[in-house]
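The structure under discussion appears below in the form of C-alpha cells.
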Amino acid sequence: MQAQAASIRAEDPKRRVLKDVFGFDDFRPGQADVMDALLAGRHVLAVMPTGAGKSLCYQVPALVLGGLTIVVSPLVALMQDQVAALRLAGVAADTINSSLDREANVAAWRRVAAGQTRLLYLAPERLMTERMLDALARLDVSLIAVDEAHCISQWGPAFRREYEDLSRLRGIFPNVPIIALTATADEGTRTDIEARLFAERVETLVLGFDRPNIKLGIAAKQDSKRQLLSFVERHPGRSGIVYCLSRKKTEEMAAFLEKNGITALAYHAGMSKDAREANQNAFMTLSGVVMVATIAFGMGIDKPDVAYVFHTDLPGSLEAYYQEIGRAGRDGRSAEAHMLFGLGDIRMRRLFIDDEDAPVEHKRRSHGRLDTLIGYCETAQCRRQVLLGYFGEEAQPCGNCDTCLDQAPRADGGAEARIILAAMAQSGERFGAGHVIDILLGHETEKVLARNHQKLASFGSGLAHKKDFWLSLIRQLGAGGFLAPDPGGHGGLAIAEKGHALGRGEMSFHYRVEVRDRALRKMRSAQGSATDMEGVDASLLAALKALRLRLAKERQVPAYVVFSDRTLIDMAERRPRDLDAFAEVNGVGAAKLKEFGAVFLSAIAGHQADGAG
C-alpha cells in the first residue's frame with residue numbers, strides 16, 4: 001500500500017508537495033479540484049467552510065508551479081502567522097507590511113527580486129501601488145491568491161477601497177491564474193466577486209457550508225453578563241471565544257469573568273500590539289482560556305479545540321456570524337454557538353450602517369443583510385436550514401439547534417403571510433419591507449401617494465396588527481426562503497417560488513412569536529415548569545429526551561415534532577405501563593400513540609427495571 005501511495009505521489013506533483021512539504025496523506029474535499037483548475041491556468045473562486053483548508057489550495061500549487069505567488073491578505077497578523085507557518089514547513093515565504101521596519105522590508109524585497117521567495121504576502125494597500133505593481137510585473141509571477149475575498153464585495157466600497165481595485169490584476173497579469181478564497185459568500189456576494197475581480201471569467205467551486213457538530217442557539221438579551229457566566233460555567237475547562245460589539249464591553253466582560261473564577265483575556269484593536277500578541281498566544285497555547293474580543297480577533301485563527309463561540313451582541317450580517325461561529329469545533333467535537341439578541345442591537349447596527357462613508361446602494365444592501373440576520377434570529381424554522389439556505393444549500397431539520405430541540409412559541413401565519421404576498425404582488429415586487437408595511441397599514445406616505453399605492457386592494461389590509469408584527473413576519477418569511485432580495489440588488493423584496501406556493505395555499509407557514517413576547521413567555525414558562533417538575537424523575541426525563549432526539553434525527557424532523565417537553569414531563573410523571581395509559585398522556589394523539597407508544601413504553605419500563613424509578 002505504501003509503495004502504491006508513493007507511486008501516486010510521484011505521478012502527481014501536487015500530492016508529492018502535499019505529503020513531502022505539509023505532511024498530509026490526502027486532500028480534504030474540494031482541495032484537489034481547486035488545485036487542478038489553477039494548475040491548468042484557470043481562474044478560480046473557491047468558497048469553502050472555515051477549517052476546510054483554504055490556504056493549501058494556493059500554497060500547494062505555488063510550490064508545484066514555481067516562480068512567485070502573490071498572496072493578498074487583509075490583516076498583518078494573519079500574514080505574519082501564515083509566513084511563520086510556511087517557514088516552519090521549509091517554504092521560502094515573505095511578507096512586506098507596515099508593521100516591519102524599513103530594513104526588514106528591504107531585505108524581504110531583495111529575496112523576492114532574487115527569485116528566492118516562493119510566496120509573498122501583501123495587504124491590498126501595498127500591492128495596489130504603481131511602484132509595487134511595476135516591480136512585480138518584471139518578475140516571474142505564476143499565481144495570485146486573494147484571501148478573504150468577500151471583502152471585495154462587502155468592504156470594498158466602504159472599508160477597504162483597495163480590495164475593489166484588485167479588479168485591475170487580471171489586466172496587469174493577463175496570463176497568471178488568480179484564485180479568490182472565502183468562507184462566507186452568499187449567491188449575491190459570489191456574483192459580485194465574479195464580476196469585479198474576474199469579469200465573470202472564472203470557475204466557481206462551492207463546497208458545503210454545513211458544520212453539523214456546532215449546536216446553534218439564540219436567546220433574548222436580558223442580563224448579558226449573567227447569561228454569559230451561566231453559559232461559560234456549563235463548559236468548565238474548555239476554551240471559547242466571546243464576541244462583543246465595543247472595546248469597552250470587551251474589557252468589562254473579561255474582567256467580569258475573571259472576577260467569577262474564569263480564565264479570561266481581552267482582545268481588541270485599541271490594545272497595544274504586544275498585549276494583543278501575548279493574549280493571543282496564551283489563548284492558542286493554553287487550554288480552558290476564554291478570549292473576549294471584538295471582531296478584530298479571529299481571522300486566520302485555527303485553534304481546533306474551541307468549544308464555543310458566544311455573541312453578546314448582534315453581528316453585522318449572517319456571513320459575519322457564520323465566519324465567527326466557524327471558529328468553534330474544528331476538532332470535530334460537539335461545540336456550541338450561542339447569541340444574545342436584543343432590540344438595542346438592531347438600532348446600534350442600523351446606526352453603524354448609516355454612519356458608513358459608503359454609497360447609498362451599499363448601505364441599502366447592508367441594511368438588507370442585517371434584515372436577513374434578524375430574520376434568522378426570529379425564525380421558527382430550524383436555524384441550520386435557514387443558515388444553509390442563505391448560502392444556497394438545502395437541508396433537513398438538524399436536531400441540533402434551539403428551535404429543533406426546544407418548542408418555541410409559534411403560530412400559524414399562513415393567512416397573514418398571504419396578506420403580505422398580495423401587497424407585494426400588487427405593488428410590483430420591488431419595494432422593501434417598510435413600503436410594504438405602509439401599504440398594509442394604510443399609511444399615505446409620500447412614496448405611497450407618488451405611486452398611487454393607496455388605490456391598491458391591499459391598502460389598509462393589515463390593520464389587525466402593528467408595524468413590529470408585520471416587520472418580524474416579513475423577516476421570517478425572508479429567512480424561510482419565501483421572499484428573496486430583488487435581483488437588481490436595490491434593497492427591494494421579491495416573491496420566491498416557495499412564496500408563490502404559499503400564496504396558492506400549497507405550503508404552510510408558522511411564525512415565531514416576536515422576540516420580546518418570547519422572552520416574557522420563557523420567563524413565565526420557567527416559573528411554571530418549576531411546579532410542573534416537582535415529583536418528576538430527572539433521570540427518566542433525560543432518558544425520554546434522549547430517545548426523542550434519536551427518533552427526531554431518524555425522521556429528520558425537529559425534536560418537538562415527536563413530543564413537546566410538556567408531554568415528556570407528563571409522561572415521566574405518569575409512567576404509563578400500557579398503550580391505554582399512554583394514550584392519556586397530554587399531547588399523545590392516535591397517530592403518535594401508534595408510531596411512538598411501544599418504544600416510549602419500553603424506555604419507561606427499562607428505566608424502572610434498572611432500579612432508577
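Just remember, in the C-alpha cells the first chain shown is A, the second B, etc., residues are 1-based per chain, and ligands are 1-based in the order shown.
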
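Contact shell of Ala293 in chain A at 10 Å (only C-alpha atoms; same-chain neighbours under 6 positions omitted): Ile241, Val242, Tyr243, Cys244, Leu245, Ser246, Arg247, Lys249, Thr250, Glu251, Met253, Ala254, Leu265, Ala266, Tyr267, His268, Ala269 and His311 of chain A.
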
Deliver the residues from the most recent selection as a file, using C-alpha atoms, as a tab-separated table (two decimals), in the first residue's frame.
```tsv
chain	number	residue	atom	x	y	z
A	241	ILE	CA	-14.48	32.91	22.16
A	242	VAL	CA	-16.85	35.64	23.32
A	243	TYR	CA	-17.57	38.41	20.81
A	244	CYS	CA	-18.59	41.90	21.95
A	245	LEU	CA	-19.51	44.93	19.89
A	246	SER	CA	-17.28	47.51	21.63
A	247	ARG	CA	-13.78	47.64	23.10
A	249	LYS	CA	-17.59	45.96	26.70
A	250	THR	CA	-14.83	43.52	25.76
A	251	GLU	CA	-12.74	44.62	28.75
A	253	MET	CA	-16.85	41.19	30.15
A	254	ALA	CA	-13.33	39.76	30.51
A	265	LEU	CA	-8.46	37.58	28.30
A	266	ALA	CA	-9.45	40.65	26.29
A	267	TYR	CA	-8.53	41.37	22.67
A	268	HIS	CA	-9.35	44.47	20.64
A	269	ALA	CA	-7.69	46.89	18.23
A	311	HIS	CA	-22.05	36.57	20.83
```

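The two atoms in question, CA of Ser334 in chain A and CA of Ala479 in chain A, are spaced 25.5 Å apart.
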
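Residue nearest Trp109 in chain A, chosen from A:Leu228, A:Ala552, A:Ala135, A:Leu477 and counting only C-alpha atoms: A:Ala135.
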
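From CA of Leu549 in chain A back to CA of Val562 in chain A, the distance works out to 8.5 Å.
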
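Using only C-alpha atoms, the shortest contact distance between Val112 in chain A and any of A:Leu100, A:Leu136, A:Val436, A:Cys404 is found at A:Leu136.
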
Margin query: Nearest residue to Phe173 in chain A out of A:Ala538, A:Leu75, A:Ile70, A:Ser317, using only C-alpha atoms?
Written below: A:Ile70

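The protein and nucleic acid residues lying at most 7 Å from range 361-373 of chain A are Gly316, Ser317, Leu318, Ile353, Asp354, Arg475, Gly478, Ala479, His490 and Gly491 of chain A, with only C-alpha atoms considered and sequence neighbours fewer than 6 positions away removed.
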
Next item on the list: For Leu388 in chain A, please output as a list in words all residues within 8 Å (counting only C-alpha atoms; exclusion window: fewer than 5 positions along the same chain).
Entry: Phe209, Asp210, Glu393, Glu394 and Ala395 of chain A

Next item on the list: Taking the DSSP assignment computed from this structure's backbone, write out as a ChimeraX atom specification all residues of range 23-157 of chain A that belong to alpha helix (DSSP H).
Entry: /A:31-39,54-65,76-88,102-113,124-127,130-137,150-154

Pull C-alpha atoms from the residues just selected and write them as a tab-separated table (two decimals), in the first residue's frame.
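Contents of selection.tsv, as written:
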```tsv
chain	number	residue	atom	x	y	z
A	31	GLN	CA	-8.98	20.91	-2.42
A	32	ALA	CA	-7.78	18.78	-5.34
A	33	ASP	CA	-10.44	20.23	-7.67
A	34	VAL	CA	-9.39	23.79	-6.84
A	35	MET	CA	-5.70	22.97	-7.35
A	36	ASP	CA	-6.26	21.18	-10.65
A	37	ALA	CA	-8.11	24.21	-12.04
A	38	LEU	CA	-5.28	26.55	-11.02
A	39	LEU	CA	-2.57	24.24	-12.37
A	54	LYS	CA	-8.32	27.01	2.09
A	55	SER	CA	-4.66	28.07	2.42
A	56	LEU	CA	-3.37	24.79	0.99
A	57	CYS	CA	-5.44	25.42	-2.14
A	58	TYR	CA	-2.93	28.04	-3.26
A	59	GLN	CA	0.14	27.05	-1.24
A	60	VAL	CA	0.46	23.65	-2.90
A	61	PRO	CA	0.04	24.98	-6.49
A	62	ALA	CA	2.52	27.76	-5.65
A	63	LEU	CA	5.20	25.16	-4.97
A	64	VAL	CA	4.22	23.00	-7.96
A	65	LEU	CA	4.29	25.95	-10.38
A	76	VAL	CA	-0.95	42.00	9.13
A	77	ALA	CA	-1.21	39.45	11.95
A	78	LEU	CA	-2.73	36.91	9.58
A	79	MET	CA	0.06	37.41	7.04
A	80	GLN	CA	2.75	37.02	9.67
A	81	ASP	CA	1.19	33.83	11.02
A	82	GLN	CA	0.99	32.33	7.54
A	83	VAL	CA	4.58	33.23	6.73
A	84	ALA	CA	5.80	31.79	10.03
A	85	ALA	CA	3.90	28.54	9.41
A	86	LEU	CA	5.29	28.20	5.87
A	87	ARG	CA	8.82	28.83	7.01
A	88	LEU	CA	8.45	26.13	9.65
A	102	ARG	CA	12.25	49.54	6.58
A	103	GLU	CA	15.34	47.36	6.83
A	104	ALA	CA	13.27	44.17	7.17
A	105	ASN	CA	11.02	45.14	4.27
A	106	VAL	CA	14.03	45.95	2.02
A	107	ALA	CA	15.64	42.61	2.87
A	108	ALA	CA	12.40	40.80	2.05
A	109	TRP	CA	12.12	42.56	-1.30
A	110	ARG	CA	15.70	41.65	-2.20
A	111	ARG	CA	14.87	37.96	-1.64
A	112	VAL	CA	11.76	38.35	-3.81
A	113	ALA	CA	13.67	40.12	-6.61
A	124	PRO	CA	-4.08	45.22	-0.86
A	125	GLU	CA	-3.00	48.78	0.03
A	126	ARG	CA	0.66	47.88	-0.50
A	127	LEU	CA	0.10	45.70	-3.57
A	130	GLU	CA	2.01	51.72	-9.04
A	131	ARG	CA	5.55	51.22	-7.75
A	132	MET	CA	4.83	47.71	-6.40
A	133	LEU	CA	2.81	46.65	-9.44
A	134	ASP	CA	5.54	47.79	-11.83
A	135	ALA	CA	8.20	45.93	-9.86
A	136	LEU	CA	6.16	42.72	-9.67
A	137	ALA	CA	5.30	42.84	-13.38
A	150	HIS	CA	-15.72	38.61	0.44
A	151	CYS	CA	-14.03	41.92	1.34
A	152	ILE	CA	-14.21	42.77	-2.37
A	153	SER	CA	-17.97	42.82	-2.19
A	154	GLN	CA	-18.82	43.79	1.38
```

Margin query: Can you tell me which residues surround Gly171 in chain A at a distance of at most 12 Å, considering only C-alpha atoms, apart from same-chain residues fewer than 4 positions away, and format the answer as number ranges by chain?
Written below: A: 133, 137, 165-167, 175-178, 197-199
